[in-house]
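Okay, structure.txt now, which holds compact mmCIF, C-alpha atoms and all ligand atoms:
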# COMPACT_ATOMS: atom_id res chain seq x y z
CA MET A 33 0.00 0.00 0.00
CA MET A 34 1.20 3.52 -0.74
CA THR A 35 2.28 5.72 2.15
CA ALA A 36 2.22 9.50 2.10
CA ASN A 37 2.48 12.62 4.18
CA TRP A 38 0.13 15.40 3.09
CA SER A 39 0.01 18.80 4.68
CA TYR A 40 -2.03 21.88 3.67
CA PRO A 41 -2.36 24.12 6.69
CA THR A 42 -1.78 27.72 5.51
CA ALA A 43 -4.43 30.42 5.93
CA ILE A 44 -4.49 32.55 2.75
CA LYS A 45 -6.19 35.94 2.52
CA PHE A 46 -6.69 36.55 -1.17
CA GLY A 47 -7.93 39.56 -3.10
CA VAL A 48 -7.17 42.92 -4.63
CA GLY A 49 -6.52 45.41 -1.82
CA CYS A 50 -6.21 42.88 1.01
CA ILE A 51 -2.77 44.25 1.92
CA LYS A 52 -4.69 46.76 4.04
CA GLU A 53 -5.36 43.86 6.49
CA LEU A 54 -1.61 43.39 7.09
CA ALA A 55 -1.45 44.95 10.55
CA GLU A 56 -4.50 43.15 11.90
CA HIS A 57 -3.09 39.76 10.87
CA CYS A 58 0.27 40.59 12.47
CA LYS A 59 -1.49 41.52 15.70
CA ALA A 60 -3.72 38.44 15.62
CA ILE A 61 -0.68 36.16 15.80
CA GLY A 62 0.91 38.14 18.61
CA MET A 63 3.29 40.56 16.88
CA GLN A 64 3.86 43.98 18.38
CA LYS A 65 7.13 44.87 16.72
CA PRO A 66 7.48 43.06 13.39
CA LEU A 67 10.51 43.34 11.12
CA LEU A 68 9.60 43.63 7.44
CA VAL A 69 12.15 41.73 5.33
CA THR A 70 12.43 42.39 1.61
CA ASP A 71 15.10 42.70 -1.07
CA ARG A 72 17.06 45.83 -1.96
CA GLY A 73 15.16 46.45 -5.17
CA LEU A 74 11.76 46.43 -3.50
CA ALA A 75 12.80 48.45 -0.45
CA SER A 76 12.12 51.86 -1.94
CA MET A 77 9.11 50.92 -4.06
CA PRO A 78 5.68 52.33 -3.16
CA ILE A 79 4.20 48.89 -2.40
CA THR A 80 6.83 48.35 0.31
CA GLN A 81 6.52 51.85 1.74
CA ASN A 82 2.74 51.39 1.82
CA ALA A 83 3.10 48.14 3.80
CA LEU A 84 5.41 49.93 6.25
CA ASP A 85 2.86 52.78 6.54
CA ILE A 86 0.12 50.25 7.36
CA LEU A 87 2.24 48.72 10.13
CA GLN A 88 3.28 52.10 11.49
CA SER A 89 -0.20 53.58 11.61
CA ALA A 90 -1.42 50.49 13.50
CA GLY A 91 1.23 51.09 16.17
CA LEU A 92 3.49 48.22 15.10
CA GLY A 93 6.53 50.38 14.33
CA ARG A 94 8.32 50.81 11.02
CA ALA A 95 11.24 48.42 10.76
CA LEU A 96 12.78 47.33 7.48
CA PHE A 97 15.61 44.93 6.68
CA ALA A 98 16.48 44.94 2.98
CA GLU A 99 20.02 43.60 2.69
CA VAL A 100 18.71 40.70 0.66
CA ASP A 101 20.35 39.60 -2.57
CA PRO A 102 18.58 37.74 -5.35
CA ASN A 103 19.28 34.08 -4.51
CA PRO A 104 19.77 35.13 -0.83
CA ASN A 105 22.75 33.74 1.04
CA ASP A 106 24.07 32.99 4.54
CA LYS A 107 25.60 36.49 4.84
CA ASN A 108 22.20 38.07 4.25
CA LEU A 109 20.84 35.70 6.88
CA ALA A 110 23.48 36.63 9.48
CA ALA A 111 22.84 40.35 8.91
CA GLY A 112 19.09 39.82 9.11
CA LEU A 113 19.34 37.85 12.35
CA ALA A 114 21.47 40.61 13.86
CA ALA A 115 18.91 43.25 12.82
CA TYR A 116 16.08 41.12 14.23
CA LYS A 117 17.78 40.68 17.61
CA GLU A 118 19.12 44.22 17.93
CA GLY A 119 15.69 45.62 17.09
CA GLY A 120 13.95 43.46 19.72
CA HIS A 121 11.45 42.19 17.14
CA ASP A 122 8.80 39.58 17.78
CA GLY A 123 7.84 38.45 14.29
CA ILE A 124 8.60 38.74 10.59
CA VAL A 125 6.68 40.17 7.67
CA ALA A 126 8.33 38.32 4.78
CA PHE A 127 7.66 40.57 1.80
CA GLY A 128 8.71 40.08 -1.80
CA GLY A 129 9.47 37.54 -4.39
CA GLY A 130 11.07 34.25 -3.39
CA SER A 131 14.23 36.06 -2.28
CA GLY A 132 12.56 38.31 0.33
CA LEU A 133 10.11 35.59 1.37
CA ASP A 134 12.82 32.95 1.82
CA LEU A 135 15.18 35.18 3.75
CA GLY A 136 12.35 36.49 5.95
CA LYS A 137 11.14 32.96 6.69
CA THR A 138 14.68 31.80 7.47
CA ILE A 139 15.30 34.70 9.87
CA ALA A 140 12.09 33.79 11.72
CA PHE A 141 13.15 30.15 11.80
CA MET A 142 16.71 30.79 12.98
CA ALA A 143 15.87 33.56 15.48
CA GLY A 144 15.82 31.13 18.39
CA GLN A 145 17.93 28.17 17.20
CA THR A 146 21.36 27.32 18.56
CA ARG A 147 22.60 25.18 15.66
CA PRO A 148 23.89 26.59 12.35
CA VAL A 149 21.36 26.88 9.54
CA TRP A 150 23.06 24.13 7.47
CA ASP A 151 22.04 21.63 10.17
CA PHE A 152 18.51 22.02 8.88
CA GLU A 153 19.11 21.19 5.24
CA ASP A 154 16.30 19.23 3.64
CA ILE A 155 18.00 15.85 3.90
CA GLY A 156 16.28 13.02 5.76
CA ASP A 157 14.88 14.27 9.05
CA TRP A 158 17.54 16.81 10.04
CA TRP A 159 14.73 19.26 10.71
CA THR A 160 13.90 17.33 13.89
CA ARG A 161 17.01 18.91 15.46
CA ALA A 162 15.29 22.31 15.49
CA ASN A 163 13.43 23.72 18.44
CA PRO A 164 9.97 24.45 16.98
CA GLU A 165 8.96 26.58 19.98
CA ALA A 166 11.65 29.11 19.10
CA ILE A 167 10.38 29.88 15.60
CA ALA A 168 9.11 33.45 15.34
CA PRO A 169 5.67 34.08 13.79
CA ILE A 170 5.60 34.91 10.08
CA VAL A 171 3.16 36.77 7.85
CA ALA A 172 4.07 36.32 4.18
CA VAL A 173 3.25 38.83 1.46
CA PRO A 174 4.20 37.70 -2.06
CA THR A 175 4.95 40.41 -4.64
CA THR A 176 5.79 38.05 -7.50
CA ALA A 177 3.66 35.16 -8.72
CA GLY A 178 6.16 32.36 -8.99
CA THR A 179 7.96 30.61 -6.19
CA GLY A 180 4.96 30.00 -3.95
CA SER A 181 7.37 30.27 -1.03
CA GLU A 182 4.53 31.99 0.85
CA VAL A 183 2.84 28.60 1.33
CA GLY A 184 5.99 26.48 1.47
CA ARG A 185 7.77 24.75 4.33
CA ALA A 186 11.18 25.23 2.76
CA THR A 187 13.52 28.07 1.91
CA VAL A 188 16.42 28.23 -0.53
CA ILE A 189 19.60 29.78 0.86
CA THR A 190 22.88 29.99 -1.04
CA HIS A 191 25.97 28.72 0.79
CA SER A 192 28.30 31.59 -0.07
CA GLU A 193 31.58 29.66 0.28
CA SER A 194 30.67 26.64 -1.83
CA HIS A 195 28.28 28.59 -4.11
CA THR A 196 25.61 25.95 -3.70
CA LYS A 197 21.91 26.42 -3.10
CA LYS A 198 20.71 24.61 -0.01
CA VAL A 199 17.10 23.84 0.73
CA ILE A 200 16.29 24.47 4.40
CA PHE A 201 13.23 22.63 5.68
CA HIS A 202 11.03 22.64 8.74
CA PRO A 203 7.25 22.05 8.85
CA LYS A 204 6.95 25.22 10.93
CA ILE A 205 8.86 27.55 8.60
CA LEU A 206 5.37 27.85 7.19
CA PRO A 207 3.91 31.37 7.49
CA SER A 208 0.86 31.56 9.76
CA VAL A 209 -0.97 33.91 7.39
CA VAL A 210 -0.40 34.72 3.72
CA ILE A 211 -1.67 37.93 2.19
CA CYS A 212 -2.09 37.43 -1.56
CA ASP A 213 -2.93 40.80 -3.05
CA PRO A 214 -2.60 40.59 -6.86
CA GLU A 215 -2.26 44.37 -7.08
CA LEU A 216 1.20 44.09 -5.51
CA THR A 217 2.43 42.19 -8.58
CA VAL A 218 1.33 44.83 -11.12
CA GLY A 219 4.67 46.64 -11.13
CA MET A 220 6.78 43.60 -11.92
CA PRO A 221 8.99 44.18 -14.97
CA LYS A 222 8.07 41.93 -17.93
CA VAL A 223 11.14 39.77 -17.55
CA ILE A 224 10.29 39.03 -13.89
CA THR A 225 6.63 38.36 -14.77
CA ALA A 226 7.87 35.86 -17.35
CA GLY A 227 10.49 34.16 -15.20
CA THR A 228 8.37 33.90 -12.07
CA GLY A 229 5.30 32.79 -14.03
CA MET A 230 7.28 30.04 -15.75
CA ASP A 231 8.57 28.96 -12.33
CA ALA A 232 4.96 28.60 -11.11
CA PHE A 233 4.01 26.56 -14.18
CA ILE A 234 7.09 24.35 -13.84
CA HIS A 235 6.48 23.69 -10.13
CA CYS A 236 3.10 22.27 -11.11
CA LEU A 237 4.55 20.34 -14.07
CA GLU A 238 7.44 18.75 -12.17
CA ALA A 239 5.17 17.95 -9.20
CA TYR A 240 2.67 16.36 -11.58
CA CYS A 241 5.34 14.28 -13.34
CA THR A 242 7.28 13.07 -10.32
CA PRO A 243 6.35 9.45 -9.65
CA PHE A 244 5.48 9.68 -5.93
CA TYR A 245 1.94 8.93 -4.73
CA HIS A 246 0.09 12.18 -4.07
CA PRO A 247 -3.24 12.45 -5.92
CA MET A 248 -4.22 15.65 -4.09
CA GLY A 249 -1.00 17.30 -5.20
CA GLU A 250 -1.58 16.10 -8.77
CA GLY A 251 -5.08 17.58 -8.89
CA ILE A 252 -3.81 20.92 -7.64
CA ALA A 253 -0.92 20.82 -10.10
CA LEU A 254 -3.23 20.20 -13.06
CA GLU A 255 -5.45 23.18 -12.29
CA GLY A 256 -2.42 25.32 -11.46
CA MET A 257 -1.03 24.58 -14.92
CA ARG A 258 -4.33 25.46 -16.56
CA LEU A 259 -4.39 28.83 -14.78
CA ALA A 260 -0.76 29.61 -15.60
CA TYR A 261 -0.99 28.41 -19.21
CA GLN A 262 -4.00 30.64 -19.88
CA ASN A 263 -2.98 33.68 -17.87
CA LEU A 264 0.78 34.09 -18.08
CA PRO A 265 0.76 35.47 -21.64
CA ARG A 266 -2.05 37.85 -20.63
CA ALA A 267 -0.22 39.09 -17.52
CA TYR A 268 2.93 39.49 -19.62
CA GLN A 269 1.16 41.47 -22.35
CA ASP A 270 -0.76 43.72 -19.97
CA GLY A 271 0.72 43.97 -16.51
CA ASN A 272 -2.37 45.84 -15.30
CA ASP A 273 -4.72 42.93 -16.07
CA LEU A 274 -5.70 42.20 -12.49
CA THR A 275 -7.65 39.06 -13.37
CA ALA A 276 -4.62 37.53 -15.06
CA ARG A 277 -2.39 38.71 -12.18
CA ALA A 278 -4.77 37.12 -9.65
CA GLN A 279 -4.91 33.81 -11.53
CA MET A 280 -1.09 33.77 -11.68
CA MET A 281 -0.93 34.40 -7.95
CA SER A 282 -3.20 31.40 -7.38
CA ALA A 283 -1.15 29.26 -9.76
CA ALA A 284 2.03 30.18 -7.87
CA ALA A 285 0.62 29.16 -4.50
CA MET A 286 -0.82 25.99 -6.04
CA GLY A 287 2.58 25.09 -7.48
CA ALA A 288 4.26 25.21 -4.10
CA VAL A 289 1.45 23.25 -2.45
CA ALA A 290 1.74 20.65 -5.22
CA PHE A 291 5.52 20.32 -5.03
CA GLN A 292 5.27 18.76 -1.60
CA LYS A 293 5.06 15.77 -3.96
CA GLY A 294 8.51 16.50 -5.36
CA LEU A 295 10.23 18.36 -8.19
CA GLY A 296 12.66 17.14 -10.84
CA ALA A 297 15.50 17.76 -13.26
CA VAL A 298 14.44 21.27 -14.31
CA HIS A 299 15.05 22.44 -10.75
CA ALA A 300 18.07 20.17 -10.27
CA LEU A 301 19.77 21.67 -13.36
CA SER A 302 18.65 25.21 -12.58
CA HIS A 303 19.84 25.45 -8.96
CA PRO A 304 23.59 25.06 -9.78
CA VAL A 305 23.29 27.61 -12.61
CA GLY A 306 21.63 30.07 -10.24
CA ALA A 307 24.29 29.45 -7.61
CA LEU A 308 27.31 29.82 -9.92
CA TYR A 309 26.04 32.48 -12.32
CA ASN A 310 23.42 34.27 -10.20
CA THR A 311 20.80 33.93 -12.94
CA HIS A 312 17.08 34.39 -12.25
CA HIS A 313 15.68 31.10 -10.95
CA GLY A 314 12.44 30.95 -12.94
CA MET A 315 14.00 32.16 -16.18
CA THR A 316 16.74 29.52 -15.85
CA ASN A 317 14.07 26.86 -15.36
CA ALA A 318 12.19 28.06 -18.43
CA VAL A 319 15.31 27.82 -20.60
CA VAL A 320 16.11 24.22 -19.61
CA LEU A 321 12.49 22.98 -19.77
CA PRO A 322 12.38 21.62 -23.36
CA ALA A 323 15.58 19.58 -22.95
CA VAL A 324 14.25 18.03 -19.74
CA LEU A 325 10.90 17.22 -21.40
CA ARG A 326 12.75 15.38 -24.20
CA PHE A 327 14.88 13.54 -21.64
CA ASN A 328 11.89 12.49 -19.53
CA ARG A 329 9.60 11.59 -22.43
CA PRO A 330 9.83 7.78 -22.09
CA ALA A 331 8.63 7.98 -18.48
CA ILE A 332 6.00 10.73 -18.74
CA GLU A 333 4.35 10.34 -22.13
CA ASP A 334 1.05 8.93 -20.78
CA LYS A 335 0.83 11.59 -18.11
CA ILE A 336 1.57 14.35 -20.58
CA ASN A 337 -1.15 13.02 -22.89
CA ARG A 338 -3.63 13.43 -20.02
CA LEU A 339 -2.26 16.86 -19.19
CA ALA A 340 -2.47 18.03 -22.81
CA ALA A 341 -6.11 16.96 -22.95
CA TYR A 342 -6.83 18.87 -19.72
CA LEU A 343 -5.20 22.01 -21.13
CA GLY A 344 -7.14 21.69 -24.40
CA ILE A 345 -3.96 21.01 -26.40
CA SER A 346 -4.26 18.44 -29.19
CA GLY A 347 -1.52 16.10 -30.36
CA GLY A 348 -0.49 14.47 -27.09
CA PHE A 349 3.15 14.79 -26.05
CA ASP A 350 4.26 16.47 -29.28
CA GLY A 351 1.39 18.93 -29.09
CA PHE A 352 2.27 19.77 -25.49
CA TYR A 353 5.96 20.15 -26.35
CA GLY A 354 5.07 22.59 -29.13
CA ALA A 355 2.72 24.49 -26.79
CA MET A 356 5.56 24.87 -24.29
CA GLN A 357 7.81 26.29 -27.00
CA ASN A 358 5.07 28.75 -27.94
CA LEU A 359 4.45 29.70 -24.30
CA ARG A 360 8.16 30.35 -23.76
CA GLU A 361 8.36 32.41 -26.93
CA SER A 362 5.26 34.43 -26.06
CA VAL A 363 6.88 35.62 -22.82
CA GLY A 364 10.37 36.22 -24.21
CA VAL A 365 12.25 33.24 -22.76
CA PRO A 366 15.58 32.85 -24.57
CA ASP A 367 16.44 29.51 -26.16
CA LYS A 368 19.82 29.05 -24.52
CA LEU A 369 21.45 29.67 -21.16
CA ALA A 370 24.16 31.60 -23.00
CA ALA A 371 21.65 34.45 -23.20
CA LEU A 372 21.67 34.53 -19.36
CA GLY A 373 25.46 34.78 -19.26
CA VAL A 374 26.24 31.07 -18.80
CA ASP A 375 29.16 29.56 -20.76
CA ASN A 376 30.21 25.94 -21.21
CA SER A 377 33.44 26.15 -19.16
CA ARG A 378 31.96 24.61 -16.00
CA ILE A 379 29.62 21.95 -17.34
CA SER A 380 31.10 19.04 -15.43
CA GLU A 381 31.02 21.02 -12.17
CA LEU A 382 27.41 22.02 -12.85
CA ALA A 383 26.49 18.40 -13.57
CA SER A 384 28.10 17.15 -10.34
CA MET A 385 26.06 19.72 -8.42
CA ALA A 386 22.84 18.87 -10.27
CA VAL A 387 22.93 15.14 -9.47
CA VAL A 388 23.17 15.80 -5.72
CA ASP A 389 20.56 18.56 -5.70
CA PRO A 390 17.69 17.45 -3.44
CA THR A 391 15.21 17.90 -6.29
CA ALA A 392 17.07 15.48 -8.61
CA GLY A 393 15.62 12.43 -6.83
CA GLY A 394 12.11 13.38 -7.97
CA ASN A 395 12.90 13.21 -11.67
CA PRO A 396 10.98 10.45 -13.46
CA VAL A 397 14.17 9.35 -15.30
CA PRO A 398 17.25 9.02 -13.05
CA LEU A 399 19.62 11.95 -13.52
CA THR A 400 23.25 10.83 -13.82
CA GLN A 401 26.47 12.80 -14.18
CA GLU A 402 26.54 11.91 -17.91
CA SER A 403 22.91 12.74 -18.59
CA ALA A 404 23.13 16.02 -16.64
CA GLN A 405 26.22 16.96 -18.61
CA GLN A 406 24.45 16.13 -21.87
CA LEU A 407 21.42 18.19 -20.83
CA TYR A 408 23.62 21.21 -20.02
CA LEU A 409 25.33 20.84 -23.40
CA GLU A 410 21.94 20.97 -25.08
CA CYS A 411 20.91 24.06 -23.10
CA ILE A 412 24.03 26.23 -23.19
N1 LIG B 501 11.02 28.53 -1.04
C1 LIG B 501 10.72 27.94 -2.15
O1 LIG B 501 9.99 26.96 -2.12
C2 LIG B 501 11.25 28.43 -3.44
C3 LIG B 501 10.76 27.90 -4.66
C4 LIG B 501 11.28 28.38 -5.85
C5 LIG B 501 12.26 29.36 -5.83
N2 LIG B 501 12.74 29.84 -4.64
C6 LIG B 501 13.78 30.89 -4.58
O2 LIG B 501 13.16 32.14 -4.78
C7 LIG B 501 14.11 33.06 -5.37
C8 LIG B 501 13.52 33.68 -6.61
O3 LIG B 501 12.35 34.37 -6.29
P1 LIG B 501 11.56 35.23 -7.40
O4 LIG B 501 11.57 34.49 -8.67
O5 LIG B 501 10.25 35.58 -6.84
O6 LIG B 501 12.49 36.50 -7.62
P2 LIG B 501 13.14 37.56 -6.59
O7 LIG B 501 12.47 37.50 -5.27
O8 LIG B 501 14.61 37.34 -6.61
O9 LIG B 501 12.77 38.93 -7.29
C9 LIG B 501 13.28 39.21 -8.58
C10 LIG B 501 13.35 40.72 -8.79
O10 LIG B 501 12.04 41.22 -8.91
C11 LIG B 501 11.89 42.38 -8.09
N3 LIG B 501 10.48 42.43 -7.70
C12 LIG B 501 9.81 41.54 -6.92
N4 LIG B 501 8.51 41.89 -6.83
C13 LIG B 501 8.35 43.01 -7.55
C14 LIG B 501 7.23 43.86 -7.84
N5 LIG B 501 6.01 43.57 -7.39
N6 LIG B 501 7.44 44.95 -8.60
C15 LIG B 501 8.67 45.23 -9.08
N7 LIG B 501 9.76 44.46 -8.87
C16 LIG B 501 9.59 43.37 -8.11
C17 LIG B 501 12.86 42.18 -6.95
O11 LIG B 501 13.25 43.40 -6.38
C18 LIG B 501 14.02 41.47 -7.66
O12 LIG B 501 14.88 42.42 -8.23
C19 LIG B 501 15.35 32.22 -5.66
O13 LIG B 501 16.29 32.41 -4.62
C20 LIG B 501 14.82 30.79 -5.65
O14 LIG B 501 15.82 29.85 -5.35
C21 LIG B 501 12.22 29.40 -3.47
FE FE B 502 11.22 27.00 -8.60
Please lay out the structure from this file as structure tokens.
Ligand SMILES: NC(=O)c1ccc[n+]([C@@H]2O[C@H](COP(=O)([O-])OP(=O)(O)OC[C@H]3O[C@@H](n4cnc5c(N)ncnc54)[C@H](O)[C@@H]3O)[C@@H](O)[C@H]2O)c1
Ligand SMILES: [Fe+2]
Amino acid sequence: MMTANWSYPTAIKFGVGCIKELAEHCKAIGMQKPLLVTDRGLASMPITQNALDILQSAGLGRALFAEVDPNPNDKNLAAGLAAYKEGGHDGIVAFGGGSGLDLGKTIAFMAGQTRPVWDFEDIGDWWTRANPEAIAPIVAVPTTAGTGSEVGRATVITHSESHTKKVIFHPKILPSVVICDPELTVGMPKVITAGTGMDAFIHCLEAYCTPFYHPMGEGIALEGMRLAYQNLPRAYQDGNDLTARAQMMSAAAMGAVAFQKGLGAVHALSHPVGALYNTHHGMTNAVVLPAVLRFNRPAIEDKINRLAAYLGISGGFDGFYGAMQNLRESVGVPDKLAALGVDNSRISELASMAVVDPTAGGNPVPLTQESAQQLYLECI
């Protein structure tokens, strides 16, 4: 009999304008002096200043930590923990795309731990070493529609010495409340809309294709793909289309709920590229997608036939493959990683990192050093 471990406990407040409820949700989970964590780029934008205004006018102070790099790392974490402790804070508002959300969540997680963060890497049950009582409360506010980190129990932190991306896991890194306000995503530049939206789609696709038993996850993944497939080109064409933005925000959260089931080679190949070349995560995924689909075809053809039918795409696997090429093209995804600044000088190093990435184990066809190397050759 199959065994499984399913978990869907996040409260999500969803709707245009619901950011105005930020302070009341912070108070409801006991915060009096939250620290808002976001990345440098977002720090000065009106959406961030507005969130700080909302906290301030509710008497919760106005505290911002924004030393967060894209693909945030352990140095950002150390600085954030220092700011959290020096400021005497009692909770985190994790605000941003995956970078701000992940760093904010990790600060809340690490605020009261005594072990180093790498002791909580998502390998086996290392997370049981953490003291769950010491995790600070988190309200998450996504400003991109991609990673779904707002509903996830993991964060991705780059190990700055080894330049590797580590997945940190604990069931209680999960935010207590998520505020999904599609209006916050309106100002995303086109390239970020495209990259994050492709990330959301690919979370659903890899979760759907991974062979583990999780029918709930598969159902969510299917509908998430339908929403992203129909709405990403619309959100890309007209960033002010709030319906398309809202559907993308749902698809992003659905992707991260679905990938409890697992991910696969797109993420396994993309993480090392992000770590060594600092490329955008979702855009990197989108570039490597077709090569991984070709590689996985023998194991996923039946599933993709079902998926194509659900999406209203004719022609089974080939039809779906063509539709993916069209989707990528419609949102300006380049064909090769070279366009993101990646060259072929470190392919064997990249491949060694890809095969040990925690997501590699979910790929329907085993990823070996040779096959990873071949896939990189096809993508660079
Ligand atoms: N925790 C998870 O489960 C998970 C899953 C996938 C990816 N990730 C991680 O998430 C990170 C990527 O996150 P991302 O794709 O959301 O990108 P990001 O958070 O790095 O943001 C990309 C850029 O977009 C800008 N931006 C964000 N929101 C904006 C808005 N509303 N208007 C204008 N500009 C905006 C940011 O300032 C930044 O410059 C990576 O580190 C990746 O590894 C985590
Ligand atoms: Fe991702």
Considering all atoms listed in the file, give me a table of residues in range 138-195 of chain A that are at most 6 Å from range 275-287 of chain A, with the closest atom pair and distance in Å for each, as JSON lines.
{"residue": "A:Ala177", "atom": "CA", "partner": "A:Met281", "partner_atom": "CA", "distance": 4.7}
{"residue": "A:Gly178", "atom": "CA", "partner": "A:Ala284", "partner_atom": "CA", "distance": 4.8}
{"residue": "A:Gly180", "atom": "CA", "partner": "A:Ala285", "partner_atom": "CA", "distance": 4.5}
Considering all atoms listed in the file, return as a list of chain:residue names whatever protein or nucleic-acid residues lie within 10 Å of Ala300 in chain A, sequence-local ones (same chain, fewer than 4 positions apart) excluded.
A:Leu295, A:Gly296, A:Pro304, A:Val305, A:Asn317, A:Leu382, A:Ala383, A:Met385, A:Ala386, A:Val387, A:Val388, A:Asp389, A:Pro390, A:Thr391, A:Ala392, A:Gly393, A:Gly394, A:Asn395, A:Leu399, A:Ala404
Could you list the protein, DNA and RNA residues that have any atom within 8 Å of ligand LIG 501 (chain B), counting all atoms listed in the file, and write them as a PyMOL selection string?
chain A and resi 71-75+77+79+101-104+128-134+174-182+184-190+197+199+216-221+224+227-228+231+235+288+303+306+312-314
Excluding same-chain residues fewer than 4 positions from His121 in chain A, what lies within 9 Å of it counting only C-alpha atoms, as a list in words?
Met63, Gln64, Lys65, Pro66, Leu67, Ala95, Ala115, Tyr116 and Lys117 of chain A
Compare A:Pro322, A:Pro243, A:Pro265, A:Gly229 by their minimum atom-to-atom distance to ligand FE 502 (chain B), counting all atoms listed in the file, and give me the closest one.
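Among the listed residues, A:Gly229 lies closest to ligand FE 502 (chain B).
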Contacts of Cys50 in chain A at 9 Å or less, counting only C-alpha atoms, minus same-chain residues fewer than 3 places along, as a count of residues only?
9
Polymer residues at most 12 Å from (26.7, 34.7, 0.0) by all atoms listed in the file, as a PyMOL selection string:
chain A and resi 99-111+189-198+307-308+310
Could those selected residues go to a file with C-alpha atoms, as a PDB file, in the coordinates of the input?
ATOM      1  CA  GLU A  99      20.020  43.600   2.690  1.00  0.00           C
ATOM      2  CA  VAL A 100      18.710  40.700   0.660  1.00  0.00           C
ATOM      3  CA  ASP A 101      20.350  39.600  -2.570  1.00  0.00           C
ATOM      4  CA  PRO A 102      18.580  37.740  -5.350  1.00  0.00           C
ATOM      5  CA  ASN A 103      19.280  34.080  -4.510  1.00  0.00           C
ATOM      6  CA  PRO A 104      19.770  35.130  -0.830  1.00  0.00           C
ATOM      7  CA  ASN A 105      22.750  33.740   1.040  1.00  0.00           C
ATOM      8  CA  ASP A 106      24.070  32.990   4.540  1.00  0.00           C
ATOM      9  CA  LYS A 107      25.600  36.490   4.840  1.00  0.00           C
ATOM     10  CA  ASN A 108      22.200  38.070   4.250  1.00  0.00           C
ATOM     11  CA  LEU A 109      20.840  35.700   6.880  1.00  0.00           C
ATOM     12  CA  ALA A 110      23.480  36.630   9.480  1.00  0.00           C
ATOM     13  CA  ALA A 111      22.840  40.350   8.910  1.00  0.00           C
ATOM     14  CA  ILE A 189      19.600  29.780   0.860  1.00  0.00           C
ATOM     15  CA  THR A 190      22.880  29.990  -1.040  1.00  0.00           C
ATOM     16  CA  HIS A 191      25.970  28.720   0.790  1.00  0.00           C
ATOM     17  CA  SER A 192      28.300  31.590  -0.070  1.00  0.00           C
ATOM     18  CA  GLU A 193      31.580  29.660   0.280  1.00  0.00           C
ATOM     19  CA  SER A 194      30.670  26.640  -1.830  1.00  0.00           C
ATOM     20  CA  HIS A 195      28.280  28.590  -4.110  1.00  0.00           C
ATOM     21  CA  THR A 196      25.610  25.950  -3.700  1.00  0.00           C
ATOM     22  CA  LYS A 197      21.910  26.420  -3.100  1.00  0.00           C
ATOM     23  CA  LYS A 198      20.710  24.610  -0.010  1.00  0.00           C
ATOM     24  CA  ALA A 307      24.290  29.450  -7.610  1.00  0.00           C
ATOM     25  CA  LEU A 308      27.310  29.820  -9.920  1.00  0.00           C
ATOM     26  CA  ASN A 310      23.420  34.270 -10.200  1.00  0.00           C
TER      27      ASN A 310
END
Contacts of Ser39 in chain A at 12 Å (all atoms listed in the file; same-chain gap of 4+ positions) as a list in words:
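Close residues of Ser39 in chain A: Val183, Gly184, Arg185, Pro203, Lys204, Leu206, His246, Met248, Gly249, Ala288, Val289, Ala290, Phe291, Gln292 and Lys293 of chain A.
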Which value, in Å to one decimal, gives the distance between CA of Gly144 in chain A and CA of Ile200 in chain A?
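Straight-line distance from CA of Gly144 in chain A to CA of Ile200 in chain A works out to 15.5 Å.
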Residue among A:Glu361, A:Glu410, A:Glu255, A:Glu238 lying closest to ligand FE 502 (chain B), counting only C-alpha atoms and all ligand atoms
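So, comparing all the options, the nearest one is A:Glu238.
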Spatial neighbours of Ser377 in chain A, max dist 12 Å, only C-alpha atoms, sep filter under 3 positions, as an NGL selection string:
:A and (308-309 or 370 or 373-374 or 380-383 or 405 or 408-409 or 412)
With all atoms listed in the file as the atoms that count, which of A:Thr316, A:Thr70, A:Asn337, A:Gln401 lies nearest to ligand FE 502 (chain B)?
A:Thr316
Separation of CA of Gly354 in chain A from CA of Ile379 in chain A, in Å and rounded to one decimal
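CA of Ile379 in chain A lies at a distance of 27.2 Å from CA of Gly354 in chain A.
Distance annotation: of A:Gly347, A:Pro398, A:Gly294, A:Pro366, the residue with the minimal separation from ligand FE 502 (chain B) is A:Gly294; atom set is all atoms listed in the file.
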Repair of range 40-45 of chain A at the level of N, CA and C atoms, as a short mmCIF file (atom, residue, chain, number, x, y, z; two decimals), keeping the file's coordinate frame:
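Printed below is rebuild_32.cif as written:
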data_model
loop_
_atom_site.label_atom_id
_atom_site.label_comp_id
_atom_site.auth_asym_id
_atom_site.auth_seq_id
_atom_site.Cartn_x
_atom_site.Cartn_y
_atom_site.Cartn_z
N TYR A 40 -1.56 20.64 4.31
CA TYR A 40 -2.03 21.88 3.67
C TYR A 40 -2.57 22.89 4.67
N PRO A 41 -1.74 23.35 5.60
CA PRO A 41 -2.36 24.12 6.69
C PRO A 41 -2.33 25.65 6.59
N THR A 42 -1.95 26.26 5.47
CA THR A 42 -1.78 27.72 5.51
C THR A 42 -3.10 28.48 5.34
N ALA A 43 -3.28 29.53 6.14
CA ALA A 43 -4.43 30.42 5.93
C ALA A 43 -4.03 31.46 4.89
N ILE A 44 -4.82 31.60 3.83
CA ILE A 44 -4.49 32.55 2.75
C ILE A 44 -5.60 33.58 2.64
N LYS A 45 -5.25 34.85 2.77
CA LYS A 45 -6.19 35.94 2.52
C LYS A 45 -5.92 36.39 1.10
#
